[in-house]
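Student: My structure file model_16.tsv, TSV, C-alpha atoms, is below:
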```tsv
chain	number	residue	atom	x	y	z
B	1453	MET	CA	-151.42	-141.56	110.36
B	1454	GLN	CA	-151.02	-138.17	112.02
B	1455	LEU	CA	-150.42	-137.33	115.66
B	1456	LYS	CA	-150.28	-134.01	117.47
B	1457	ILE	CA	-147.08	-134.09	119.55
B	1458	ASN	CA	-146.71	-131.15	121.94
B	1459	GLY	CA	-148.90	-129.14	119.59
B	1460	LYS	CA	-147.05	-130.06	116.37
B	1461	THR	CA	-148.24	-132.49	113.70
B	1462	LEU	CA	-146.14	-135.60	113.11
B	1463	GLU	CA	-146.58	-138.41	110.57
B	1464	VAL	CA	-146.07	-141.90	112.02
B	1465	LYS	CA	-146.66	-145.47	110.81
B	1466	ASP	CA	-150.09	-147.01	111.41
B	1467	GLY	CA	-150.09	-149.19	114.52
B	1468	CYS	CA	-147.29	-147.20	116.12
B	1469	ASN	CA	-147.10	-147.53	119.91
B	1470	ILE	CA	-145.62	-145.05	122.40
B	1471	GLU	CA	-142.34	-146.97	122.70
B	1472	ALA	CA	-141.84	-146.77	118.91
B	1473	LEU	CA	-142.87	-143.10	118.84
B	1474	LEU	CA	-140.25	-142.22	121.47
B	1475	GLN	CA	-137.65	-144.13	119.44
B	1476	GLN	CA	-138.61	-142.18	116.32
B	1477	LEU	CA	-138.21	-138.93	118.32
B	1478	GLY	CA	-134.85	-140.04	119.76
B	1479	LEU	CA	-136.12	-139.94	123.37
B	1480	LYS	CA	-135.31	-142.39	126.15
B	1481	ALA	CA	-138.40	-144.14	127.52
B	1482	ASP	CA	-137.22	-144.01	131.14
B	1483	ARG	CA	-136.79	-140.21	131.12
B	1484	VAL	CA	-140.16	-139.05	129.84
B	1485	ALA	CA	-143.68	-138.53	131.10
B	1486	VAL	CA	-146.35	-138.99	128.44
B	1487	GLU	CA	-149.98	-137.92	128.25
B	1488	ARG	CA	-152.24	-139.39	125.57
B	1489	ASN	CA	-155.42	-137.43	125.05
B	1490	ARG	CA	-154.94	-135.88	128.50
B	1491	ASN	CA	-154.46	-139.20	130.30
B	1492	ILE	CA	-151.12	-140.11	131.82
B	1493	VAL	CA	-149.58	-143.28	130.35
B	1494	MET	CA	-147.41	-145.37	132.67
B	1495	ARG	CA	-144.04	-146.47	131.35
B	1496	SER	CA	-145.02	-150.13	131.69
B	1497	ASP	CA	-147.78	-149.47	129.13
B	1498	PHE	CA	-145.63	-147.67	126.52
B	1499	ASP	CA	-145.16	-150.75	124.30
B	1500	THR	CA	-148.80	-151.86	124.48
B	1501	THR	CA	-150.39	-148.44	123.96
B	1502	VAL	CA	-151.18	-148.41	120.24
B	1503	LEU	CA	-151.79	-144.90	118.97
B	1504	GLN	CA	-154.75	-143.81	116.85
B	1505	ASN	CA	-154.96	-141.22	114.10
B	1506	ASN	CA	-155.26	-137.66	115.54
B	1507	ASP	CA	-154.19	-138.68	119.04
B	1508	GLN	CA	-152.96	-135.71	121.09
B	1509	ILE	CA	-149.67	-136.62	122.74
B	1510	GLU	CA	-147.82	-134.47	125.26
B	1511	ILE	CA	-144.28	-135.51	126.12
B	1512	VAL	CA	-142.11	-134.05	128.90
B	1513	ASN	CA	-138.47	-135.04	128.50
B	1514	PHE	CA	-136.71	-134.74	131.84
B	1515	VAL	CA	-133.00	-133.92	132.09
B	1516	GLY	CA	-130.83	-134.58	135.15
B	1517	GLY	CA	-129.77	-132.12	137.84
B	1518	GLY	CA	-131.27	-130.82	141.03
I	1493	MET	CA	-153.24	-92.96	167.89
I	1494	ARG	CA	-152.65	-96.26	166.12
I	1495	ILE	CA	-149.18	-97.74	165.73
I	1496	SER	CA	-147.72	-101.19	165.02
I	1497	ILE	CA	-145.94	-102.84	167.95
I	1498	ASN	CA	-144.14	-106.10	167.12
I	1499	GLU	CA	-146.31	-106.59	164.02
I	1500	GLN	CA	-149.60	-106.00	165.88
I	1501	LEU	CA	-151.71	-102.81	165.64
I	1502	HIS	CA	-152.28	-101.05	168.95
I	1503	ASP	CA	-154.02	-97.84	170.02
I	1504	ILE	CA	-151.79	-95.85	172.33
I	1505	PRO	CA	-152.20	-92.41	173.96
I	1506	ALA	CA	-150.96	-89.43	171.95
I	1507	GLU	CA	-147.70	-87.80	173.05
I	1508	MET	CA	-146.17	-91.12	174.13
I	1509	THR	CA	-142.43	-91.61	173.64
I	1510	LEU	CA	-140.63	-94.75	172.52
I	1511	ASP	CA	-139.10	-95.36	175.93
I	1512	GLN	CA	-142.42	-94.84	177.74
I	1513	LEU	CA	-143.96	-97.43	175.43
I	1514	ARG	CA	-141.07	-99.86	175.97
I	1515	ARG	CA	-141.39	-99.62	179.75
I	1516	HIS	CA	-145.17	-100.13	179.48
I	1517	LYS	CA	-145.25	-103.01	176.95
I	1518	TYR	CA	-141.82	-104.72	176.88
I	1519	PRO	CA	-139.87	-103.68	179.99
I	1520	GLY	CA	-137.27	-106.41	179.30
I	1521	ALA	CA	-136.54	-105.18	175.77
I	1522	ASP	CA	-132.98	-103.94	175.23
I	1523	ILE	CA	-133.27	-103.24	171.50
I	1524	CYS	CA	-135.76	-100.82	169.92
I	1525	VAL	CA	-136.37	-100.61	166.18
I	1526	LEU	CA	-138.41	-97.62	165.00
I	1527	ASN	CA	-139.65	-97.64	161.39
I	1528	GLY	CA	-136.95	-100.12	160.35
I	1529	ALA	CA	-133.95	-98.51	162.08
I	1530	GLU	CA	-132.49	-99.39	165.47
I	1531	THR	CA	-132.53	-96.43	167.83
I	1532	LYS	CA	-131.46	-95.58	171.36
I	1533	ALA	CA	-133.22	-92.18	171.30
I	1534	ASN	CA	-136.39	-91.61	173.32
I	1535	THR	CA	-138.26	-90.38	170.26
I	1536	PRO	CA	-141.85	-89.07	170.51
I	1537	LEU	CA	-144.10	-91.54	168.65
I	1538	GLN	CA	-146.38	-90.59	165.78
I	1539	SER	CA	-149.48	-92.23	164.36
I	1540	GLY	CA	-148.55	-94.96	161.86
I	1541	ASP	CA	-145.13	-95.67	163.39
I	1542	ARG	CA	-143.82	-99.25	163.30
I	1543	VAL	CA	-142.10	-100.20	166.51
I	1544	VAL	CA	-140.31	-103.48	167.25
I	1545	PHE	CA	-139.07	-104.29	170.76
I	1546	ILE	CA	-136.52	-107.11	171.06
I	1547	CYS	CA	-135.38	-108.89	174.21
I	1548	SER	CA	-131.87	-110.20	173.37
I	1549	GLY	CA	-131.60	-113.95	173.81
I	1550	HIS	CA	-135.37	-114.48	173.94
I	1551	THR	CA	-136.75	-116.66	171.12
I	1552	PRO	CA	-140.22	-115.51	170.02
I	1553	SER	CA	-142.97	-118.07	170.61
I	1554	THR	CA	-144.82	-119.97	167.88
I	1555	GLU	CA	-147.81	-117.68	168.54
I	1556	GLU	CA	-145.68	-114.57	167.98
I	1557	PHE	CA	-144.25	-116.08	164.78
I	1558	ASN	CA	-147.72	-116.92	163.47
I	1559	ALA	CA	-148.99	-113.45	164.35
I	1560	MET	CA	-146.07	-111.97	162.41
I	1561	LEU	CA	-147.00	-114.08	159.35
I	1562	LYS	CA	-150.64	-112.96	159.54
I	1563	ALA	CA	-149.53	-109.33	159.84
I	1564	ARG	CA	-147.20	-109.66	156.85
I	1565	HIS	CA	-149.33	-111.78	154.50
I	1566	GLY	CA	-152.83	-110.79	155.58
I	1567	VAL	CA	-155.09	-113.07	157.62
I	1568	GLU	CA	-156.86	-114.70	154.67
I	1569	VAL	CA	-153.65	-115.61	152.80
I	1570	GLN	CA	-151.98	-116.87	155.95
I	1571	GLN	CA	-154.95	-118.99	157.00
I	1572	THR	CA	-154.87	-120.68	153.59
I	1573	LEU	CA	-151.13	-121.35	153.72
I	1574	GLU	CA	-151.44	-122.59	157.31
I	1575	ARG	CA	-154.03	-125.20	156.28
I	1576	SER	CA	-151.81	-126.49	153.46
I	1577	CYS	CA	-149.70	-129.60	153.33
I	1578	VAL	CA	-146.85	-129.79	150.79
I	1579	ALA	CA	-144.56	-132.76	150.17
I	1580	ILE	CA	-141.03	-132.42	148.83
I	1581	ALA	CA	-139.41	-135.46	147.21
I	1582	GLY	CA	-135.67	-134.94	147.59
I	1583	VAL	CA	-134.00	-132.23	149.71
I	1584	GLY	CA	-130.86	-131.62	147.69
I	1585	GLY	CA	-130.11	-128.49	145.67
I	1586	LEU	CA	-133.74	-127.89	144.70
I	1587	GLY	CA	-135.60	-129.41	147.65
I	1588	SER	CA	-133.55	-127.81	150.46
I	1589	ASN	CA	-134.20	-124.37	148.97
I	1590	VAL	CA	-137.90	-125.12	148.36
I	1591	ALA	CA	-138.34	-126.38	151.94
I	1592	ILE	CA	-136.81	-123.24	153.44
I	1593	ALA	CA	-138.88	-120.91	151.26
I	1594	LEU	CA	-142.11	-122.72	152.14
I	1595	ALA	CA	-141.29	-122.83	155.87
I	1596	ARG	CA	-140.63	-119.08	155.82
I	1597	ALA	CA	-143.86	-118.50	153.89
I	1598	GLY	CA	-145.76	-120.22	156.71
I	1599	ILE	CA	-146.97	-123.40	155.00
I	1600	GLY	CA	-148.62	-125.35	157.83
I	1601	CYS	CA	-147.37	-128.83	157.09
I	1602	LEU	CA	-144.35	-130.09	155.17
I	1603	ILE	CA	-143.38	-133.67	154.38
I	1604	ILE	CA	-139.78	-134.15	153.26
I	1605	ALA	CA	-138.18	-137.36	152.02
I	1606	ASP	CA	-134.60	-138.13	150.98
I	1607	GLN	CA	-132.31	-141.15	151.35
I	1608	ASP	CA	-129.00	-139.22	151.35
I	1609	VAL	CA	-126.68	-137.95	154.05
I	1610	VAL	CA	-125.00	-134.52	153.84
I	1611	GLU	CA	-121.66	-134.62	151.99
I	1612	LEU	CA	-119.04	-131.89	151.60
I	1613	SER	CA	-119.82	-131.54	147.87
I	1614	ASN	CA	-123.47	-130.70	148.74
I	1615	LEU	CA	-122.44	-127.46	150.46
I	1616	GLN	CA	-121.65	-125.91	147.07
I	1617	ARG	CA	-125.41	-125.41	146.47
I	1618	GLN	CA	-127.54	-127.06	149.15
I	1619	GLN	CA	-128.80	-125.49	152.38
I	1620	TYR	CA	-126.64	-127.47	154.81
I	1621	PHE	CA	-123.68	-126.64	157.06
I	1622	LEU	CA	-120.18	-128.02	157.61
I	1623	ASP	CA	-121.11	-129.40	161.02
I	1624	GLN	CA	-123.97	-131.41	159.46
I	1625	ILE	CA	-121.78	-133.56	157.21
I	1626	GLY	CA	-122.68	-137.23	157.64
I	1627	CYS	CA	-126.14	-136.40	159.02
I	1628	PRO	CA	-129.22	-137.58	157.07
I	1629	LYS	CA	-130.34	-134.62	154.94
I	1630	VAL	CA	-133.92	-134.80	156.26
I	1631	THR	CA	-132.65	-134.61	159.87
I	1632	ALA	CA	-130.34	-131.68	159.12
I	1633	MET	CA	-133.12	-129.91	157.21
I	1634	ALA	CA	-135.59	-130.51	160.08
I	1635	THR	CA	-133.23	-128.66	162.43
I	1636	THR	CA	-133.01	-125.69	160.07
I	1637	LEU	CA	-136.74	-125.57	159.34
I	1638	LYS	CA	-137.64	-125.63	163.05
I	1639	ARG	CA	-135.19	-122.80	163.67
I	1640	ILE	CA	-137.03	-120.76	161.04
I	1641	ASN	CA	-140.63	-121.66	161.84
I	1642	PRO	CA	-141.17	-123.32	165.21
I	1643	GLY	CA	-144.87	-123.98	164.50
I	1644	LEU	CA	-144.25	-125.97	161.32
I	1645	HIS	CA	-145.75	-129.47	161.31
I	1646	LEU	CA	-142.95	-131.47	159.74
I	1647	THR	CA	-142.71	-135.13	158.78
I	1648	THR	CA	-139.36	-136.54	157.65
I	1649	HIS	CA	-138.67	-139.77	155.80
I	1650	HIS	CA	-135.06	-140.92	155.56
I	1651	THR	CA	-135.75	-143.27	152.70
I	1652	ARG	CA	-135.56	-143.67	148.95
I	1653	VAL	CA	-138.76	-142.46	147.29
I	1654	ASP	CA	-140.02	-144.62	144.43
I	1655	SER	CA	-143.25	-145.61	142.74
I	1656	HIS	CA	-143.94	-148.21	145.45
I	1657	ASN	CA	-143.85	-145.99	148.54
I	1658	LEU	CA	-144.73	-142.59	147.00
I	1659	THR	CA	-148.47	-142.86	147.66
I	1660	GLU	CA	-148.01	-143.88	151.28
I	1661	LEU	CA	-145.33	-141.27	152.08
I	1662	PHE	CA	-147.16	-138.31	150.57
I	1663	ALA	CA	-150.84	-139.30	150.94
I	1664	SER	CA	-151.75	-136.21	152.99
I	1665	ALA	CA	-150.07	-133.67	150.67
I	1666	HIS	CA	-152.13	-131.21	148.61
I	1667	ILE	CA	-149.19	-130.63	146.27
I	1668	LEU	CA	-145.99	-132.57	145.58
I	1669	VAL	CA	-142.68	-130.94	144.68
I	1670	GLU	CA	-140.35	-133.13	142.59
I	1671	ALA	CA	-136.79	-132.20	143.58
I	1672	PHE	CA	-134.79	-135.22	142.45
I	1673	ASP	CA	-131.47	-135.28	140.66
I	1674	HIS	CA	-131.84	-138.11	138.12
I	1675	ALA	CA	-134.00	-137.76	135.02
I	1676	SER	CA	-135.39	-141.30	135.31
I	1677	ALA	CA	-136.44	-140.73	138.95
I	1678	LYS	CA	-138.16	-137.48	137.91
I	1679	ALA	CA	-140.06	-139.33	135.17
I	1680	GLU	CA	-141.09	-142.21	137.44
I	1681	LEU	CA	-142.31	-139.90	140.19
I	1682	THR	CA	-144.27	-137.77	137.72
I	1683	GLN	CA	-146.10	-140.74	136.23
I	1684	THR	CA	-146.93	-142.30	139.58
I	1685	TRP	CA	-148.15	-139.10	141.23
I	1686	LEU	CA	-150.33	-137.97	138.34
I	1687	GLN	CA	-151.74	-141.47	137.91
I	1688	THR	CA	-152.48	-141.89	141.64
I	1689	PHE	CA	-153.68	-138.37	142.45
I	1690	PRO	CA	-154.91	-136.87	139.15
I	1691	GLU	CA	-156.41	-133.84	140.94
I	1692	ARG	CA	-153.32	-132.91	142.92
I	1693	PRO	CA	-150.66	-130.72	141.28
I	1694	LEU	CA	-147.04	-131.76	140.84
I	1695	VAL	CA	-144.36	-129.07	140.62
I	1696	ALA	CA	-141.29	-130.58	138.98
I	1697	ALA	CA	-137.96	-129.24	137.70
I	1698	SER	CA	-135.93	-129.98	134.58
I	1699	GLY	CA	-132.99	-128.10	133.08
I	1700	VAL	CA	-131.37	-126.35	136.04
I	1701	ALA	CA	-127.68	-127.22	135.58
I	1702	GLY	CA	-124.78	-125.05	134.45
I	1703	PHE	CA	-124.17	-121.30	134.40
I	1704	GLY	CA	-126.81	-120.33	131.84
I	1705	ALA	CA	-128.81	-117.12	132.23
I	1706	ALA	CA	-131.19	-116.99	135.18
I	1707	ASN	CA	-133.80	-115.55	132.83
I	1708	SER	CA	-133.87	-118.80	130.83
I	1709	ILE	CA	-135.47	-120.54	133.80
I	1710	ILE	CA	-139.25	-120.45	133.52
I	1711	THR	CA	-142.34	-122.21	134.86
I	1712	GLN	CA	-144.36	-124.15	132.30
I	1713	ARG	CA	-147.45	-126.34	132.44
I	1714	PRO	CA	-147.10	-129.23	129.97
I	1715	PHE	CA	-149.98	-131.27	131.49
I	1716	ALA	CA	-153.10	-130.06	133.29
I	1717	ARG	CA	-151.67	-130.67	136.78
I	1718	LEU	CA	-147.95	-130.76	135.97
I	1719	TYR	CA	-145.78	-127.65	136.32
I	1720	VAL	CA	-142.12	-127.84	135.28
I	1721	CYS	CA	-139.56	-125.21	136.31
I	1722	GLY	CA	-136.22	-124.88	134.51
I	1723	ASP	CA	-134.95	-124.28	130.98
I	1724	GLY	CA	-136.00	-127.80	129.98
I	1725	ALA	CA	-132.63	-128.59	128.42
I	1726	SER	CA	-129.56	-127.94	130.62
I	1727	ALA	CA	-128.72	-131.46	131.83
I	1728	VAL	CA	-126.07	-132.01	134.48
I	1729	GLU	CA	-124.79	-134.93	132.36
I	1730	ALA	CA	-124.15	-132.52	129.49
I	1731	VAL	CA	-123.03	-129.29	131.15
I	1732	GLY	CA	-121.16	-130.92	134.02
I	1733	SER	CA	-122.13	-128.95	137.11
I	1734	LEU	CA	-124.81	-127.26	139.14
I	1735	CYS	CA	-124.44	-123.75	140.55
I	1736	ALA	CA	-126.08	-122.52	143.79
I	1737	SER	CA	-127.46	-119.34	142.27
I	1738	ARG	CA	-129.04	-121.03	139.23
I	1739	VAL	CA	-130.48	-124.02	141.11
I	1740	GLY	CA	-131.78	-121.48	143.63
I	1741	VAL	CA	-133.65	-119.63	140.88
I	1742	ALA	CA	-135.33	-122.86	139.78
I	1743	ALA	CA	-136.14	-123.82	143.40
I	1744	SER	CA	-137.70	-120.40	143.97
I	1745	HIS	CA	-139.80	-120.90	140.83
I	1746	GLN	CA	-141.00	-124.19	142.31
I	1747	ALA	CA	-141.72	-122.76	145.76
I	1748	HIS	CA	-143.55	-119.79	144.29
I	1749	ALA	CA	-145.62	-122.02	141.99
I	1750	VAL	CA	-146.68	-123.93	145.12
I	1751	VAL	CA	-147.65	-120.75	146.98
I	1752	ARG	CA	-149.65	-119.45	144.01
I	1753	LEU	CA	-151.43	-122.77	143.51
I	1754	LEU	CA	-152.41	-122.85	147.18
I	1755	LEU	CA	-153.77	-119.30	146.90
I	1756	GLY	CA	-155.81	-120.23	143.81
I	1757	LEU	CA	-153.54	-118.22	141.48
I	1758	ASP	CA	-152.16	-119.38	138.15
I	1759	PRO	CA	-148.41	-120.02	138.58
I	1760	LEU	CA	-147.75	-119.01	134.95
I	1761	THR	CA	-149.32	-115.59	134.66
I	1762	ASP	CA	-150.90	-112.69	136.51
I	1763	THR	CA	-153.34	-112.18	133.65
I	1764	PRO	CA	-156.70	-113.29	135.02
I	1765	THR	CA	-157.93	-115.88	132.54
I	1766	THR	CA	-159.75	-118.61	134.35
I	1767	LYS	CA	-160.35	-118.73	138.07
I	1768	HIS	CA	-158.10	-121.36	139.61
I	1769	ASN	CA	-159.28	-123.30	142.62
I	1770	SER	CA	-156.81	-123.87	145.38
I	1771	PRO	CA	-156.12	-127.59	145.73
I	1772	ILE	CA	-157.04	-127.31	149.38
I	1773	ASP	CA	-160.53	-126.01	148.56
I	1774	LYS	CA	-161.26	-128.59	145.89
I	1775	THR	CA	-164.17	-130.89	146.57
I	1776	LEU	CA	-162.59	-134.27	146.36
I	1777	SER	CA	-164.12	-137.69	146.10
I	1778	ASN	CA	-163.87	-139.93	149.16
I	1779	THR	CA	-160.74	-141.64	147.95
I	1780	GLU	CA	-159.21	-138.26	147.19
I	1781	LYS	CA	-160.18	-136.71	150.50
I	1782	ILE	CA	-157.19	-135.03	152.08
I	1783	ASP	CA	-156.99	-134.75	155.81
I	1784	ILE	CA	-154.35	-132.50	157.28
I	1785	ASP	CA	-154.07	-134.58	160.38
I	1786	LYS	CA	-151.58	-133.11	162.82
I	1787	LYS	CA	-150.57	-136.57	163.96
I	1788	GLN	CA	-149.83	-137.63	160.40
I	1789	CYS	CA	-147.91	-134.43	159.82
I	1790	GLY	CA	-145.61	-134.87	162.75
I	1791	GLY	CA	-147.65	-132.92	165.31
```
Using the file provided, produce a representation of the structure as C-alpha cells.

Tutor:
Amino acid sequence: MQLKINGKTLEVKDGCNIEALLQQLGLKADRVAVERNRNIVMRSDFDTTVLQNNDQIEIVNFVGGG
Amino acid sequence: MRISINEQLHDIPAEMTLDQLRRHKYPGADICVLNGAETKANTPLQSGDRVVFICSGHTPSTEEFNAMLKARHGVEVQQTLERSCVAIAGVGGLGSNVAIALARAGIGCLIIADQDVVELSNLQRQQYFLDQIGCPKVTAMATTLKRINPGLHLTTHHTRVDSHNLTELFASAHILVEAFDHASAKAELTQTWLQTFPERPLVAASGVAGFGAANSIITQRPFARLYVCGDGASAVEAVGSLCASRVGVAASHQAHAVVRLLLGLDPLTDTPTTKHNSPIDKTLSNTEKIDIDKKQCGG
C-alpha cells in the first residue's frame, strides 16, 4: 500500500504499523513526533496503530541540543 | 508644542529650554538625553523632540516600565502581550534566551521549569553569571527577569518536566516553548502537549548545534500547531558542541514565533494568506478555557 510521508509517496507492506514504518525509515521511535491524518499519535500507540492505504503521515525527527 | 518626555507625549509651552523643562518635570534628574544623545547644554526645545530625564540610582517603577512598553509597541500590541501567558520547558541555552526576549517584549506572564543548577560549562552559551553557579537555573533566571521587567508575573518550577506533570505545570499557558536538550525529551513533550492541548501552539527547536551558518536556522510548521526552529539536522551528538551565537539565533526564532502567534501573525511569513487568530483570543471549550490568574502566575 501507499502512504504519504511528509508529502512524499512511500510504498510499505500491508498491515504496517507506525513502529515498523519508523524502522523502515531508519528513525528511532523515542525521538520522533508523528501525526496520522492530522492527529497526533502517542509513542505508546506506535506498535498498535496499523496504517491504511493513502494515510497521510507527518514525522518530525528531533535531534539533540539546546 | 508636543514633545516626548520619558516615552510619554506632553504638550509644553513654546520657547521652553531643556533645563527649564527638567526643573519643571524632573527636578531630581542629573542626566538629560535629547533625541538619543546625552547633553549638558540648555538647548531650546523644538516640537517633536524626544527627551529622557534620568535620576541616577533611581529604578523606574513597574508603571513607568509598562508605559515605556506601550509607547514603544503601541497600546494594542502591548495590551495583547500583557494578557499573554507563555510557558518555557527548560531554561538552558535556548530557554534562557527565550525567557529574556519575552520578558523584554513585555509578555505578562511567564512560567519557567527546569531541574538543573547553573554549572560553569553553561556560561559558554546560557544567560547566567559566574556568581550564580550552583543556583537552580529557574531561581537565577527569575532574578535576571525581574531585573529586566519588574511587572512580570513569573512562576518557577525547579523540577524535571515530563509527560506526567506537563499538564499541571503549564495548564495556564497559551503557548509552550520546548527548550530541552535531549531529542527524546523533545519528542515526549511534543506528543503530550499536542495531545492534551490540541488548540494551543508548541514552539520547539531541533538542529541548533555546531558552527553552521546562522541562515540555515529557520522556523517551520510540520503540524498544524507545531512550530520547529533550527536546521532540523545539526545534532549535538554528531557535531559535538553548541555555540552561544547559533543557539541564540534559534532561541530568537522561537521567541519571535511566540510574539507573532500572540499577535495573530503567521510565524512563517509576512505574506497575508489566511488570518491567524491569536491563541489568547480563541474561543475555547470549557476544558480548554485558559485563565490568566495572577495567583497562578506568581502574582

Student: Please produce, as a tab-separated table, a per-residue contact table for chain I versus chain B (criterion: any atom at most 8 Å away, all atoms listed in the file considered), showing the nearest atom pair and its distance in Å to one decimal, sorted by chain then residue number.

Tutor:
```
residue	atom	partner	partner_atom	distance
I:Gly1584	CA	B:Gly1518	CA	6.7
I:Gly1585	CA	B:Gly1518	CA	5.3
I:Leu1586	CA	B:Gly1518	CA	5.3
I:Ala1671	CA	B:Gly1518	CA	6.2
I:Phe1672	CA	B:Gly1518	CA	5.8
I:Asp1673	CA	B:Gly1518	CA	4.5
I:His1674	CA	B:Gly1516	CA	4.7
I:Ala1675	CA	B:Gly1516	CA	4.5
I:Ser1676	CA	B:Arg1483	CA	4.6
I:Ala1677	CA	B:Arg1483	CA	7.9
I:Lys1678	CA	B:Phe1514	CA	6.8
I:Ala1679	CA	B:Arg1483	CA	5.3
I:Glu1680	CA	B:Asp1482	CA	7.6
I:Thr1682	CA	B:Ala1485	CA	6.7
I:Gln1683	CA	B:Met1494	CA	6.0
I:Thr1684	CA	B:Met1494	CA	7.6
I:Leu1686	CA	B:Ile1492	CA	6.9
I:Gln1687	CA	B:Ile1492	CA	6.3
I:Ala1697	CA	B:Gly1518	CA	7.6
I:Ser1698	CA	B:Val1515	CA	5.5
I:Gly1699	CA	B:Val1515	CA	5.9
I:Val1700	CA	B:Gly1517	CA	6.3
I:Ala1701	CA	B:Gly1517	CA	5.8
I:Pro1714	CA	B:Val1512	CA	7.0
I:Phe1715	CA	B:Glu1510	CA	7.3
I:Ala1716	CA	B:Arg1490	CA	7.8
I:Gly1724	CA	B:Val1515	CA	7.1
I:Ala1725	CA	B:Val1515	CA	6.5
I:Ser1726	CA	B:Val1515	CA	7.1
I:Ala1727	CA	B:Val1515	CA	4.9
I:Val1728	CA	B:Gly1517	CA	5.0
I:Glu1729	CA	B:Gly1516	CA	6.7
I:Leu1734	CA	B:Gly1517	CA	7.1
I:Val1739	CA	B:Gly1518	CA	6.8
```

Student: Could those residues be written to a file, using C-alpha atoms, as an mmCIF file, keeping the file's coordinate frame?

Tutor:
```
data_model
loop_
_atom_site.group_PDB
_atom_site.id
_atom_site.type_symbol
_atom_site.label_atom_id
_atom_site.label_comp_id
_atom_site.auth_asym_id
_atom_site.auth_seq_id
_atom_site.Cartn_x
_atom_site.Cartn_y
_atom_site.Cartn_z
ATOM 1 C CA GLY I 1584 -130.860 -131.620 147.690
ATOM 2 C CA GLY I 1585 -130.110 -128.490 145.670
ATOM 3 C CA LEU I 1586 -133.740 -127.890 144.700
ATOM 4 C CA ALA I 1671 -136.790 -132.200 143.580
ATOM 5 C CA PHE I 1672 -134.790 -135.220 142.450
ATOM 6 C CA ASP I 1673 -131.470 -135.280 140.660
ATOM 7 C CA HIS I 1674 -131.840 -138.110 138.120
ATOM 8 C CA ALA I 1675 -134.000 -137.760 135.020
ATOM 9 C CA SER I 1676 -135.390 -141.300 135.310
ATOM 10 C CA ALA I 1677 -136.440 -140.730 138.950
ATOM 11 C CA LYS I 1678 -138.160 -137.480 137.910
ATOM 12 C CA ALA I 1679 -140.060 -139.330 135.170
ATOM 13 C CA GLU I 1680 -141.090 -142.210 137.440
ATOM 14 C CA THR I 1682 -144.270 -137.770 137.720
ATOM 15 C CA GLN I 1683 -146.100 -140.740 136.230
ATOM 16 C CA THR I 1684 -146.930 -142.300 139.580
ATOM 17 C CA LEU I 1686 -150.330 -137.970 138.340
ATOM 18 C CA GLN I 1687 -151.740 -141.470 137.910
ATOM 19 C CA ALA I 1697 -137.960 -129.240 137.700
ATOM 20 C CA SER I 1698 -135.930 -129.980 134.580
ATOM 21 C CA GLY I 1699 -132.990 -128.100 133.080
ATOM 22 C CA VAL I 1700 -131.370 -126.350 136.040
ATOM 23 C CA ALA I 1701 -127.680 -127.220 135.580
ATOM 24 C CA PRO I 1714 -147.100 -129.230 129.970
ATOM 25 C CA PHE I 1715 -149.980 -131.270 131.490
ATOM 26 C CA ALA I 1716 -153.100 -130.060 133.290
ATOM 27 C CA GLY I 1724 -136.000 -127.800 129.980
ATOM 28 C CA ALA I 1725 -132.630 -128.590 128.420
ATOM 29 C CA SER I 1726 -129.560 -127.940 130.620
ATOM 30 C CA ALA I 1727 -128.720 -131.460 131.830
ATOM 31 C CA VAL I 1728 -126.070 -132.010 134.480
ATOM 32 C CA GLU I 1729 -124.790 -134.930 132.360
ATOM 33 C CA LEU I 1734 -124.810 -127.260 139.140
ATOM 34 C CA VAL I 1739 -130.480 -124.020 141.110
#
```

Student: Give me the residues within 6 Å of Leu1455 in chain B as an MDAnalysis selection string, counting all atoms listed in the file and dropping any in the same chain fewer than 3 places off.

Tutor: chainID B and resid 1461:1462 1506:1507

Student: List as a ChimeraX atom specification the residues having at least one atom at most 10 Å from position (-136.6, -102.5, 166.4) as given in the file, counting only C-alpha atoms.

Tutor: /I:1497-1498,1521-1532,1542-1546

Student: Go ahead and save the picked residues with C-alpha atoms, as a JSON list (two decimals), in the frame of the given file.

Tutor:
```
[["chain", "number", "residue", "atom", "x", "y", "z"],
["I", 1497, "ILE", "CA", -145.94, -102.84, 167.95],
["I", 1498, "ASN", "CA", -144.14, -106.10, 167.12],
["I", 1521, "ALA", "CA", -136.54, -105.18, 175.77],
["I", 1522, "ASP", "CA", -132.98, -103.94, 175.23],
["I", 1523, "ILE", "CA", -133.27, -103.24, 171.50],
["I", 1524, "CYS", "CA", -135.76, -100.82, 169.92],
["I", 1525, "VAL", "CA", -136.37, -100.61, 166.18],
["I", 1526, "LEU", "CA", -138.41, -97.62, 165.00],
["I", 1527, "ASN", "CA", -139.65, -97.64, 161.39],
["I", 1528, "GLY", "CA", -136.95, -100.12, 160.35],
["I", 1529, "ALA", "CA", -133.95, -98.51, 162.08],
["I", 1530, "GLU", "CA", -132.49, -99.39, 165.47],
["I", 1531, "THR", "CA", -132.53, -96.43, 167.83],
["I", 1532, "LYS", "CA", -131.46, -95.58, 171.36],
["I", 1542, "ARG", "CA", -143.82, -99.25, 163.30],
["I", 1543, "VAL", "CA", -142.10, -100.20, 166.51],
["I", 1544, "VAL", "CA", -140.31, -103.48, 167.25],
["I", 1545, "PHE", "CA", -139.07, -104.29, 170.76],
["I", 1546, "ILE", "CA", -136.52, -107.11, 171.06]]
```

Student: Compile the contact shell of Gln1508 in chain B as a list of chain:residue names: residues with an atom at most 6 Å away, counting all atoms listed in the file, same-chain residues fewer than 3 positions apart removed.

Tutor: B:Lys1456, B:Arg1488, B:Asn1489

Student: Which residues are near range 1628-1643 of chain I? Cut-off 6 Å, all atoms listed in the file, ignore same chain within fewer than 6 positions. Put them as a list in words.

Tutor: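 Neighbouring residues, sequence-local ones excluded: Thr1554, Asp1608, Val1609 and Val1610 of chain I.
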
Student: Counting all atoms listed in the file, what is within 9 Å of range 1651-1662 of chain I, bar same-chain residues fewer than 5 positions away, as a list in words?

Tutor: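 The filter keeps Val1578, Ala1579, Ile1580, Ala1581, Gly1582, Ile1603, Ile1604, Ala1605, Asp1606, Gln1607, Asp1608, Leu1668, Ala1677, Glu1680, Leu1681, Gln1683, Thr1684, Trp1685, Thr1688 and Phe1689 of chain I.
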
Student: Any idea what the distance is between CA of Ala1506 in chain I and CA of Thr1535 in chain I?

Tutor: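 Calculated distance between CA of Ala1506 in chain I and CA of Thr1535 in chain I is 12.8 Å.
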